[in-house]
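Reviewing the structure listed below.
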Amino acid sequence: LNVDRLIGQVNNQRERLALQLRTKKNEEEDLLEHFVLMDVTLATISEEISKVKSVEDIKQLREKHGNLQILDRIAALLQLKEKKLSEKHGLDELQQICRELDKVDDHQDIEMYEKFQARITSLACDDTSALGIVYAKFNKLLEDRGKTLSTAFEHDLLHSKWDTNHFLFAEKSIKELRQQSTKLYRLNMLLLPQPNLNDLWNFHSIANNFRIKFIYHFNSKSQNELQSVEMYFEFLDKYLEQNLFRCIEIFYDEHAGVTQELIHRQFINHILDPIRHKINSSLIKISETPSQENLKMMMVLISQIFINDNALVKKHYYDGVGLASLIPDTVLETWLNFETDSTKRQYDKLTVLPLKRMAQISEHYYKTFTLILNLFTISSTKDF
């Protein structure tokens, strides 16, 4: 009986081992089949990856196989490649533009310059040095063309006497002057990387008539410097009263961007240039020979500057760069201390002078205080 029982146990164990062997064999066969399938899948993915040409191809593979790391690496390489190719194309195009610019004369239509500017600004190029060379070459062509047009425009402006009562307000005359102004403005706006909006070629030419009149009236060396400045302020105000709205009426061209607001601001800005030069010369001259008398002259001059800027704002609604921008910070601080001390001395006298004299000084104090207040009002709206 024991022998039979042991034989049964051995047979059972043999069957269990046989079952385990069959199971293991099946698992190995499944694993081998999985490896074969994986090899086929990897070969398929490798073939698909080898055909990748763009980021869009990567997107399709991600949708099919998931977010594989190899796809992320290939996508980064493709983006870098596309960037380098774009930069190379940009540099090649810049070189081509340079060659074409070398062949351009200064008698081309403005449309040709506009096409060049569109090509340059559309380039994907991070090489600032190469861009700077093209900008300089292109801007030189614009400036040469602008000088030619400005000379002709200024000649016609003088001949037309547009800023006098002798100007013939005929449609043809206005149209011709407006077209010349607009053409210069459009050309000026093409400067790269951007134009200086406070130095516009057409308004520089429009201000030429005034510049000539100013030189004629105020270039006499025999005149007292401060008297000339005072007279200039009056001359400027009268000229603006007569010609500001006339200028808007003649040169207004909304379609080209020469708006009424632009003319209003830039006409005043550009006819201020002669006084800017005169004031700058006066400040330099006075500062080179320091004395008590020159200090007083400088204080008077600076006061006149603020009075004039304030008048431009209140009377002519000017919101552009005023004359105060010419005053150095150190000089401005000296003027402010001078006026503050002067006001304080006048105020101290109020307690000891008769009532009538006190009223007179109070009026002077009020005017000085108002002037200082205007200084801070102007300084809060303009870049000194």
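Quick note on naming: the chains in the structure tokens go A, B, ... in the order shown, residues restart at 1 in each chain, and ligands are numbered from 1 in order of appearance.
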At most 10 Å is the cut-off: for each residue in stretch 227-260 of chain A with any atom that close to an atom of stretch 159-176 of chain A, write down the nearest atom pair and the distance in Å rounded to one decimal, counting only C-alpha atoms, chain first then increasing number, as a tab-separated table.
```
residue	atom	partner	partner_atom	distance
A:Tyr239	CA	A:Asp163	CA	8.6
A:Gln242	CA	A:Asp163	CA	7.8
A:Asn243	CA	A:Asp163	CA	6.0
A:Leu244	CA	A:Asp163	CA	9.2
A:Arg246	CA	A:Asp163	CA	7.6
A:Cys247	CA	A:Asp163	CA	7.9
A:Glu249	CA	A:Ile174	CA	8.9
A:Ile250	CA	A:Ile174	CA	5.7
A:Phe251	CA	A:Ile174	CA	7.8
```
* To do: Please provide the set of residues having any atom within 12 Å of stretch 268-274 of chain A, restricted to only C-alpha atoms, with same-chain residues fewer than 6 positions apart removed, written as number ranges by chain.
  => A: 197-219, 229, 232-233, 235-237, 239-241, 243-245, 247-248, 261-262, 280-281, 305, 308-309, 312-313, 316-326
* To do: Apply DSSP to the backbone of this structure and, from stretch 66-140 of chain A, keep only the residues in alpha helix (DSSP H); write these as an MDAnalysis selection string.
  => chainID A and resid 69:102 110:121 128:140
* **A:Leu301 environment, 12 Å, only C-alpha atoms, sequence neighbours closer than 5 positions dropped, as an MDAnalysis selection string** => chainID A and resid 225:230 233 275 278:283 286 294:296 306:308 323:324 326:327 331:332 335
Can you write just those residues out, N, CA, C and O atoms, as a short mmCIF file (atom, residue, chain, number, x, y, z; two decimals), in the first residue's frame?
```
data_model
loop_
_atom_site.label_atom_id
_atom_site.label_comp_id
_atom_site.auth_asym_id
_atom_site.auth_seq_id
_atom_site.Cartn_x
_atom_site.Cartn_y
_atom_site.Cartn_z
N GLU A 225 20.67 140.60 -27.04
CA GLU A 225 20.29 139.18 -27.11
C GLU A 225 18.92 138.93 -26.52
O GLU A 225 18.07 138.30 -27.11
N LEU A 226 18.69 139.43 -25.30
CA LEU A 226 17.41 139.17 -24.65
C LEU A 226 16.28 139.89 -25.35
O LEU A 226 15.17 139.39 -25.44
N GLN A 227 16.53 141.07 -25.87
CA GLN A 227 15.51 141.79 -26.61
C GLN A 227 15.09 141.01 -27.85
O GLN A 227 13.93 140.93 -28.20
N SER A 228 16.06 140.37 -28.50
CA SER A 228 15.76 139.57 -29.67
C SER A 228 14.86 138.41 -29.32
O SER A 228 13.93 138.08 -30.06
N VAL A 229 15.10 137.78 -28.17
CA VAL A 229 14.28 136.65 -27.75
C VAL A 229 12.86 137.12 -27.46
O VAL A 229 11.88 136.49 -27.87
N GLU A 230 12.72 138.23 -26.78
CA GLU A 230 11.39 138.76 -26.49
C GLU A 230 10.64 139.09 -27.78
O GLU A 230 9.46 138.77 -27.92
N PHE A 233 9.41 135.89 -29.49
CA PHE A 233 8.19 135.32 -28.95
C PHE A 233 6.96 136.00 -29.57
O PHE A 233 5.98 135.34 -29.91
N ILE A 275 14.32 129.23 -32.73
CA ILE A 275 14.44 129.74 -31.37
C ILE A 275 15.19 128.74 -30.49
O ILE A 275 15.89 129.13 -29.56
N LYS A 278 18.70 129.53 -31.11
CA LYS A 278 19.07 130.82 -30.52
C LYS A 278 19.20 130.70 -29.00
O LYS A 278 20.15 131.21 -28.41
N ILE A 279 18.24 130.01 -28.38
CA ILE A 279 18.29 129.86 -26.93
C ILE A 279 19.49 129.03 -26.51
O ILE A 279 20.18 129.35 -25.53
N ASN A 280 19.75 127.97 -27.25
CA ASN A 280 20.90 127.12 -26.93
C ASN A 280 22.20 127.92 -27.02
O ASN A 280 23.08 127.81 -26.16
N SER A 281 22.32 128.74 -28.07
CA SER A 281 23.50 129.59 -28.22
C SER A 281 23.61 130.58 -27.07
O SER A 281 24.71 130.83 -26.54
N SER A 282 22.47 131.16 -26.66
CA SER A 282 22.48 132.13 -25.58
C SER A 282 22.89 131.49 -24.26
O SER A 282 23.69 132.05 -23.49
N LEU A 283 22.36 130.29 -23.98
CA LEU A 283 22.69 129.60 -22.74
C LEU A 283 24.18 129.26 -22.69
O LEU A 283 24.83 129.41 -21.64
N ILE A 286 26.21 132.57 -22.20
CA ILE A 286 26.13 133.10 -20.84
C ILE A 286 26.91 132.23 -19.87
O ILE A 286 27.62 132.73 -18.98
N ASN A 294 25.33 138.06 -15.78
CA ASN A 294 24.94 136.98 -16.68
C ASN A 294 23.98 136.01 -16.01
O ASN A 294 23.11 135.43 -16.66
N LEU A 295 24.15 135.83 -14.69
CA LEU A 295 23.21 134.98 -13.95
C LEU A 295 21.80 135.55 -14.03
O LEU A 295 20.83 134.82 -14.28
N LYS A 296 21.68 136.88 -13.85
CA LYS A 296 20.37 137.52 -13.95
C LYS A 296 19.80 137.40 -15.36
O LYS A 296 18.61 137.15 -15.55
N PHE A 306 9.64 129.58 -20.09
CA PHE A 306 8.45 128.98 -19.49
C PHE A 306 7.19 129.77 -19.84
O PHE A 306 6.12 129.18 -20.05
N ILE A 307 7.33 131.07 -19.89
CA ILE A 307 6.17 131.89 -20.27
C ILE A 307 5.74 131.55 -21.69
O ILE A 307 4.55 131.39 -21.98
N ASN A 308 6.72 131.41 -22.58
CA ASN A 308 6.40 131.09 -23.98
C ASN A 308 5.81 129.69 -24.11
O ASN A 308 4.82 129.49 -24.83
N LEU A 323 10.27 124.57 -25.52
CA LEU A 323 11.61 125.14 -25.39
C LEU A 323 12.28 124.76 -24.07
O LEU A 323 13.50 124.79 -23.96
N ALA A 324 11.47 124.39 -23.08
CA ALA A 324 12.03 124.05 -21.76
C ALA A 324 12.92 122.83 -21.83
O ALA A 324 13.77 122.63 -20.95
N LEU A 326 15.33 122.40 -23.60
CA LEU A 326 16.71 122.81 -23.86
C LEU A 326 17.48 123.13 -22.59
O LEU A 326 18.71 123.19 -22.60
N ILE A 327 16.76 123.36 -21.49
CA ILE A 327 17.41 123.83 -20.28
C ILE A 327 18.06 122.66 -19.54
O ILE A 327 17.38 121.70 -19.17
N VAL A 331 21.07 124.06 -14.66
CA VAL A 331 20.63 125.45 -14.86
C VAL A 331 19.21 125.63 -14.35
O VAL A 331 18.87 126.64 -13.73
N LEU A 332 18.38 124.62 -14.58
CA LEU A 332 16.99 124.68 -14.12
C LEU A 332 16.92 124.74 -12.60
O LEU A 332 16.13 125.51 -12.03
N TRP A 335 17.86 128.24 -11.53
CA TRP A 335 16.75 129.17 -11.76
C TRP A 335 15.68 129.01 -10.68
O TRP A 335 15.15 129.99 -10.16
#
```
